[in-house]
Amino acid sequence: MDGGGERRELKRRTNEPDLPDLLILAHGGSWEMRFQISSLAASAAAAGERVEVALFFAALDAWAGGRWDALDPSPPLTAERLESLAMPPLSEMLAAGREEGLIRLYACSASVRLLGLDAARVQGAVDAILGWQSFSRMIRESSRVVTF
């Protein structure tokens, strides 16, 4: 078994919660980054995988500030082009996985402080606000880690 499979088997035998199959460390807040974060998380969840998304800096600011769905791509993409494709809002891509408990979103506590965000508002937008000790454990225990 690969390292991730062995860890999942150990957790299964000890009745501990399942380990995430994918951890996304999300820093970027551009439309392109938000699209990649959303589409990867949604695709993995659609395949039945557990996905955890750790939001930092610009990604956290966009999510907590209600701008995750903003059509503000960088050239050569345009908002008009995206509208013509009738793409779903990025948050809708995540909705089914979140409802099924397969996608969980976390805010970095340091990013909340550094950005001057209202912690109560952020808490209402994510599953939890965590610190680097928690993220370090998540990185160690996740089967795969991707950074955007």
# chains A, B, ... in the order shown; residues from 1 in each chain; ligands from 1
>>> select_by_dssp(residues="chain A", states="strand (DSSP E or B)", output="JSON list (two decimals) with C-alpha atoms, in the first residue's frame")
[["chain", "number", "residue", "atom", "x", "y", "z"],
["A", 22, "LEU", "CA", -6.57, 15.82, -0.75],
["A", 23, "LEU", "CA", -5.44, 18.96, 1.05],
["A", 24, "ILE", "CA", -5.43, 22.17, -0.97],
["A", 25, "LEU", "CA", -3.33, 25.01, 0.42],
["A", 26, "ALA", "CA", -5.04, 27.99, -1.23],
["A", 51, "VAL", "CA", -11.04, 17.30, 0.44],
["A", 52, "GLU", "CA", -9.83, 19.93, 2.86],
["A", 53, "VAL", "CA", -9.13, 23.46, 1.61],
["A", 54, "ALA", "CA", -6.95, 25.70, 3.75],
["A", 55, "LEU", "CA", -7.54, 29.36, 2.84],
["A", 103, "ILE", "CA", -15.27, 19.34, 1.17],
["A", 104, "ARG", "CA", -14.30, 21.31, 4.26],
["A", 105, "LEU", "CA", -12.95, 24.86, 4.21],
["A", 106, "TYR", "CA", -10.58, 26.25, 6.83],
["A", 107, "ALA", "CA", -9.29, 29.77, 7.42],
["A", 108, "CYS", "CA", -5.76, 30.43, 8.60],
["A", 128, "ALA", "CA", -13.18, 26.33, 11.21],
["A", 129, "ILE", "CA", -10.40, 28.83, 11.79],
["A", 130, "LEU", "CA", -7.15, 26.94, 12.40],
["A", 144, "ARG", "CA", -1.92, 14.44, -1.35],
["A", 145, "VAL", "CA", -1.18, 18.14, -0.89],
["A", 146, "VAL", "CA", -1.54, 20.76, -3.62],
["A", 147, "THR", "CA", -0.72, 24.45, -3.34]]
>>> closest_atom_pairs(of="stretch 31-87 of chain A", to="stretch 109-122 of chain A", cutoff="8 Å", atoms="only C-alpha atoms", output="CSV")
residue,atom,partner,partner_atom,distance
A:Phe56,CA,A:Ser111,CA,5.7
A:Phe57,CA,A:Ser111,CA,5.5
A:Leu60,CA,A:Ser111,CA,7.7
A:Asp61,CA,A:Leu115,CA,7.7
A:Ala64,CA,A:Val122,CA,5.4
>>> write_last_selection(atoms="N, CA and C atoms", output="PDB file, in the first residue's frame")
ATOM      1  N   PHE A  56      -5.705  30.919   2.769  1.00  0.00           N
ATOM      2  CA  PHE A  56      -4.745  31.893   3.264  1.00  0.00           C
ATOM      3  C   PHE A  56      -4.847  33.162   2.419  1.00  0.00           C
ATOM      4  N   PHE A  57      -4.476  34.281   2.979  1.00  0.00           N
ATOM      5  CA  PHE A  57      -4.299  35.564   2.312  1.00  0.00           C
ATOM      6  C   PHE A  57      -5.364  35.873   1.248  1.00  0.00           C
ATOM      7  N   LEU A  60      -8.391  33.555   1.079  1.00  0.00           N
ATOM      8  CA  LEU A  60      -9.256  33.750   2.250  1.00  0.00           C
ATOM      9  C   LEU A  60     -10.037  35.046   2.133  1.00  0.00           C
ATOM     10  N   ASP A  61      -9.372  36.103   1.723  1.00  0.00           N
ATOM     11  CA  ASP A  61     -10.037  37.396   1.568  1.00  0.00           C
ATOM     12  C   ASP A  61     -11.187  37.307   0.562  1.00  0.00           C
ATOM     13  N   ALA A  64     -14.043  34.914   2.271  1.00  0.00           N
ATOM     14  CA  ALA A  64     -14.713  35.560   3.408  1.00  0.00           C
ATOM     15  C   ALA A  64     -15.395  36.862   3.005  1.00  0.00           C
TER      16      ALA A  64
END
>>> select_by_dssp(residues="chain A", states="alpha helix (DSSP H)", output="JSON, numbers by chain")
{"A": [3, 4, 5, 6, 7, 8, 9, 10, 11, 12, 13, 31, 32, 33, 34, 35, 36, 37, 38, 39, 40, 41, 42, 43, 44, 45, 46, 57, 58, 59, 60, 61, 62, 63, 64, 79, 80, 81, 82, 83, 84, 90, 91, 92, 93, 94, 95, 96, 97, 98, 99, 109, 110, 111, 112, 113, 114, 115, 119, 120, 121, 122, 123, 124, 125, 132, 133, 134, 135, 136, 137, 138, 139, 140, 141]}
>>> residues_around(residues="A:Glu49", least_positions_apart="3", cutoff="10 Å", atoms="only C-alpha atoms", output="NGL selection string")
:A and (19-22 or 41-46 or 52 or 97 or 102-103)
>>> closest_residue(among="A:Ala62, A:Ala79, A:Leu94, A:Ala86", to="A:Ser38", atoms="only C-alpha atoms")
A:Leu94
>>> atom_distance(atom1="atom CA of A:Arg67", atom2="atom CA of A:Ala47")
26.9 Å
>>> closest_residue(among="A:Asp127, A:Ser134, A:Met33, A:Phe148", to="A:Glu99", atoms="only C-alpha atoms")
A:Asp127
>>> decode(residues="stretch 11-143 of chain A", atoms="C-alpha atoms", output="PDB file, in the first residue's frame")
ATOM      1  CA  LYS A  11      -7.434   5.024  10.891  1.00  0.00           C
ATOM      2  CA  ARG A  12     -10.165   2.592   9.772  1.00  0.00           C
ATOM      3  CA  ARG A  13      -8.940  -0.113  12.159  1.00  0.00           C
ATOM      4  CA  THR A  14      -8.707   2.310  15.096  1.00  0.00           C
ATOM      5  CA  ASN A  15     -12.103   3.939  14.385  1.00  0.00           C
ATOM      6  CA  GLU A  16     -10.507   7.365  13.979  1.00  0.00           C
ATOM      7  CA  PRO A  17     -11.962   9.787  11.436  1.00  0.00           C
ATOM      8  CA  ASP A  18     -10.945   9.289   7.814  1.00  0.00           C
ATOM      9  CA  LEU A  19      -7.909  11.186   6.664  1.00  0.00           C
ATOM     10  CA  PRO A  20      -8.424  13.644   3.852  1.00  0.00           C
ATOM     11  CA  ASP A  21      -7.555  12.344   0.413  1.00  0.00           C
ATOM     12  CA  LEU A  22      -6.573  15.818  -0.755  1.00  0.00           C
ATOM     13  CA  LEU A  23      -5.443  18.962   1.046  1.00  0.00           C
ATOM     14  CA  ILE A  24      -5.434  22.166  -0.971  1.00  0.00           C
ATOM     15  CA  LEU A  25      -3.330  25.011   0.415  1.00  0.00           C
ATOM     16  CA  ALA A  26      -5.039  27.987  -1.225  1.00  0.00           C
ATOM     17  CA  HIS A  27      -3.166  31.297  -1.257  1.00  0.00           C
ATOM     18  CA  GLY A  28      -4.051  32.862  -4.615  1.00  0.00           C
ATOM     19  CA  GLY A  29      -7.142  34.972  -5.022  1.00  0.00           C
ATOM     20  CA  SER A  30      -7.177  35.597  -8.776  1.00  0.00           C
ATOM     21  CA  TRP A  31     -10.138  34.188 -10.710  1.00  0.00           C
ATOM     22  CA  GLU A  32      -7.844  31.641 -12.329  1.00  0.00           C
ATOM     23  CA  MET A  33      -6.613  30.405  -8.956  1.00  0.00           C
ATOM     24  CA  ARG A  34     -10.122  30.342  -7.486  1.00  0.00           C
ATOM     25  CA  PHE A  35     -11.257  28.337 -10.530  1.00  0.00           C
ATOM     26  CA  GLN A  36      -8.440  25.803 -10.111  1.00  0.00           C
ATOM     27  CA  ILE A  37      -9.093  25.450  -6.383  1.00  0.00           C
ATOM     28  CA  SER A  38     -12.840  25.036  -6.921  1.00  0.00           C
ATOM     29  CA  SER A  39     -12.645  22.671  -9.876  1.00  0.00           C
ATOM     30  CA  LEU A  40     -10.002  20.420  -8.288  1.00  0.00           C
ATOM     31  CA  ALA A  41     -11.888  20.223  -4.987  1.00  0.00           C
ATOM     32  CA  ALA A  42     -15.221  19.581  -6.736  1.00  0.00           C
ATOM     33  CA  SER A  43     -13.749  16.926  -9.034  1.00  0.00           C
ATOM     34  CA  ALA A  44     -12.088  15.068  -6.167  1.00  0.00           C
ATOM     35  CA  ALA A  45     -15.276  15.217  -4.086  1.00  0.00           C
ATOM     36  CA  ALA A  46     -17.344  13.974  -7.043  1.00  0.00           C
ATOM     37  CA  ALA A  47     -15.042  10.940  -7.090  1.00  0.00           C
ATOM     38  CA  GLY A  48     -15.884  10.336  -3.414  1.00  0.00           C
ATOM     39  CA  GLU A  49     -12.654  11.777  -2.020  1.00  0.00           C
ATOM     40  CA  ARG A  50     -12.472  13.861   1.160  1.00  0.00           C
ATOM     41  CA  VAL A  51     -11.036  17.303   0.439  1.00  0.00           C
ATOM     42  CA  GLU A  52      -9.827  19.932   2.859  1.00  0.00           C
ATOM     43  CA  VAL A  53      -9.131  23.458   1.612  1.00  0.00           C
ATOM     44  CA  ALA A  54      -6.948  25.704   3.751  1.00  0.00           C
ATOM     45  CA  LEU A  55      -7.539  29.355   2.842  1.00  0.00           C
ATOM     46  CA  PHE A  56      -4.745  31.893   3.264  1.00  0.00           C
ATOM     47  CA  PHE A  57      -4.299  35.564   2.312  1.00  0.00           C
ATOM     48  CA  ALA A  58      -5.940  36.492  -1.045  1.00  0.00           C
ATOM     49  CA  ALA A  59      -7.925  33.250  -1.272  1.00  0.00           C
ATOM     50  CA  LEU A  60      -9.256  33.750   2.250  1.00  0.00           C
ATOM     51  CA  ASP A  61     -10.037  37.396   1.568  1.00  0.00           C
ATOM     52  CA  ALA A  62     -12.017  36.463  -1.567  1.00  0.00           C
ATOM     53  CA  TRP A  63     -13.967  33.681   0.193  1.00  0.00           C
ATOM     54  CA  ALA A  64     -14.713  35.560   3.408  1.00  0.00           C
ATOM     55  CA  GLY A  65     -15.434  38.780   1.533  1.00  0.00           C
ATOM     56  CA  GLY A  66     -18.031  37.158  -0.736  1.00  0.00           C
ATOM     57  CA  ARG A  67     -15.924  37.667  -3.890  1.00  0.00           C
ATOM     58  CA  TRP A  68     -15.192  34.007  -4.672  1.00  0.00           C
ATOM     59  CA  ASP A  69     -17.644  34.081  -7.598  1.00  0.00           C
ATOM     60  CA  ALA A  70     -16.508  37.447  -9.009  1.00  0.00           C
ATOM     61  CA  LEU A  71     -15.834  37.257 -12.733  1.00  0.00           C
ATOM     62  CA  ASP A  72     -12.562  39.171 -12.680  1.00  0.00           C
ATOM     63  CA  PRO A  73     -10.156  37.078 -14.772  1.00  0.00           C
ATOM     64  CA  SER A  74      -6.826  38.268 -16.088  1.00  0.00           C
ATOM     65  CA  PRO A  75      -6.199  38.551 -19.828  1.00  0.00           C
ATOM     66  CA  PRO A  76      -6.435  36.737 -22.116  1.00  0.00           C
ATOM     67  CA  LEU A  77      -9.657  35.643 -20.356  1.00  0.00           C
ATOM     68  CA  THR A  78     -12.487  38.115 -20.045  1.00  0.00           C
ATOM     69  CA  ALA A  79     -15.625  38.228 -17.950  1.00  0.00           C
ATOM     70  CA  GLU A  80     -17.631  38.339 -21.186  1.00  0.00           C
ATOM     71  CA  ARG A  81     -16.003  35.114 -22.380  1.00  0.00           C
ATOM     72  CA  LEU A  82     -16.755  33.366 -19.092  1.00  0.00           C
ATOM     73  CA  GLU A  83     -20.363  34.604 -19.161  1.00  0.00           C
ATOM     74  CA  SER A  84     -20.777  33.316 -22.733  1.00  0.00           C
ATOM     75  CA  LEU A  85     -19.761  29.845 -21.550  1.00  0.00           C
ATOM     76  CA  ALA A  86     -22.526  29.876 -18.903  1.00  0.00           C
ATOM     77  CA  MET A  87     -20.142  28.524 -16.288  1.00  0.00           C
ATOM     78  CA  PRO A  88     -21.611  27.945 -12.849  1.00  0.00           C
ATOM     79  CA  PRO A  89     -20.432  30.236 -10.055  1.00  0.00           C
ATOM     80  CA  LEU A  90     -17.294  28.849  -8.424  1.00  0.00           C
ATOM     81  CA  SER A  91     -18.999  28.499  -5.044  1.00  0.00           C
ATOM     82  CA  GLU A  92     -21.676  26.320  -6.683  1.00  0.00           C
ATOM     83  CA  MET A  93     -18.928  23.984  -7.845  1.00  0.00           C
ATOM     84  CA  LEU A  94     -18.071  23.431  -4.171  1.00  0.00           C
ATOM     85  CA  ALA A  95     -21.643  23.315  -2.841  1.00  0.00           C
ATOM     86  CA  ALA A  96     -22.474  19.637  -3.423  1.00  0.00           C
ATOM     87  CA  GLY A  97     -19.222  18.428  -1.874  1.00  0.00           C
ATOM     88  CA  ARG A  98     -19.692  20.721   1.111  1.00  0.00           C
ATOM     89  CA  GLU A  99     -23.279  19.522   1.605  1.00  0.00           C
ATOM     90  CA  GLU A 100     -22.104  15.886   1.496  1.00  0.00           C
ATOM     91  CA  GLY A 101     -19.335  16.628   3.992  1.00  0.00           C
ATOM     92  CA  LEU A 102     -16.632  15.791   1.454  1.00  0.00           C
ATOM     93  CA  ILE A 103     -15.268  19.340   1.173  1.00  0.00           C
ATOM     94  CA  ARG A 104     -14.301  21.309   4.260  1.00  0.00           C
ATOM     95  CA  LEU A 105     -12.950  24.862   4.212  1.00  0.00           C
ATOM     96  CA  TYR A 106     -10.582  26.247   6.825  1.00  0.00           C
ATOM     97  CA  ALA A 107      -9.291  29.766   7.417  1.00  0.00           C
ATOM     98  CA  CYS A 108      -5.763  30.428   8.603  1.00  0.00           C
ATOM     99  CA  SER A 109      -5.915  32.289  11.921  1.00  0.00           C
ATOM    100  CA  ALA A 110      -2.750  34.274  11.145  1.00  0.00           C
ATOM    101  CA  SER A 111      -4.162  35.363   7.774  1.00  0.00           C
ATOM    102  CA  VAL A 112      -7.376  36.487   9.475  1.00  0.00           C
ATOM    103  CA  ARG A 113      -5.330  38.692  11.838  1.00  0.00           C
ATOM    104  CA  LEU A 114      -2.875  39.970   9.217  1.00  0.00           C
ATOM    105  CA  LEU A 115      -5.691  40.907   6.820  1.00  0.00           C
ATOM    106  CA  GLY A 116      -7.689  42.548   9.609  1.00  0.00           C
ATOM    107  CA  LEU A 117     -10.739  40.392   8.857  1.00  0.00           C
ATOM    108  CA  ASP A 118     -13.644  40.116  11.267  1.00  0.00           C
ATOM    109  CA  ALA A 119     -13.114  36.691  12.877  1.00  0.00           C
ATOM    110  CA  ALA A 120     -16.828  36.147  13.499  1.00  0.00           C
ATOM    111  CA  ARG A 121     -17.629  36.839   9.835  1.00  0.00           C
ATOM    112  CA  VAL A 122     -14.852  34.513   8.695  1.00  0.00           C
ATOM    113  CA  GLN A 123     -16.024  31.801  11.117  1.00  0.00           C
ATOM    114  CA  GLY A 124     -19.479  32.006   9.555  1.00  0.00           C
ATOM    115  CA  ALA A 125     -18.019  31.412   6.080  1.00  0.00           C
ATOM    116  CA  VAL A 126     -15.752  28.420   6.825  1.00  0.00           C
ATOM    117  CA  ASP A 127     -15.855  25.175   8.756  1.00  0.00           C
ATOM    118  CA  ALA A 128     -13.178  26.331  11.206  1.00  0.00           C
ATOM    119  CA  ILE A 129     -10.404  28.831  11.792  1.00  0.00           C
ATOM    120  CA  LEU A 130      -7.153  26.939  12.398  1.00  0.00           C
ATOM    121  CA  GLY A 131      -3.511  27.695  13.109  1.00  0.00           C
ATOM    122  CA  TRP A 132      -0.308  26.334  11.657  1.00  0.00           C
ATOM    123  CA  GLN A 133      -0.084  23.455  14.154  1.00  0.00           C
ATOM    124  CA  SER A 134      -3.318  22.106  12.704  1.00  0.00           C
ATOM    125  CA  PHE A 135      -2.244  22.749   9.118  1.00  0.00           C
ATOM    126  CA  SER A 136       1.103  21.075   9.769  1.00  0.00           C
ATOM    127  CA  ARG A 137      -0.707  17.951  11.006  1.00  0.00           C
ATOM    128  CA  MET A 138      -3.050  18.065   8.005  1.00  0.00           C
ATOM    129  CA  ILE A 139      -0.089  18.268   5.619  1.00  0.00           C
ATOM    130  CA  ARG A 140       1.580  15.312   7.331  1.00  0.00           C
ATOM    131  CA  GLU A 141      -1.574  13.162   7.331  1.00  0.00           C
ATOM    132  CA  SER A 142      -3.095  14.004   3.948  1.00  0.00           C
ATOM    133  CA  SER A 143      -2.600  11.591   1.093  1.00  0.00           C
TER     134      SER A 143
END
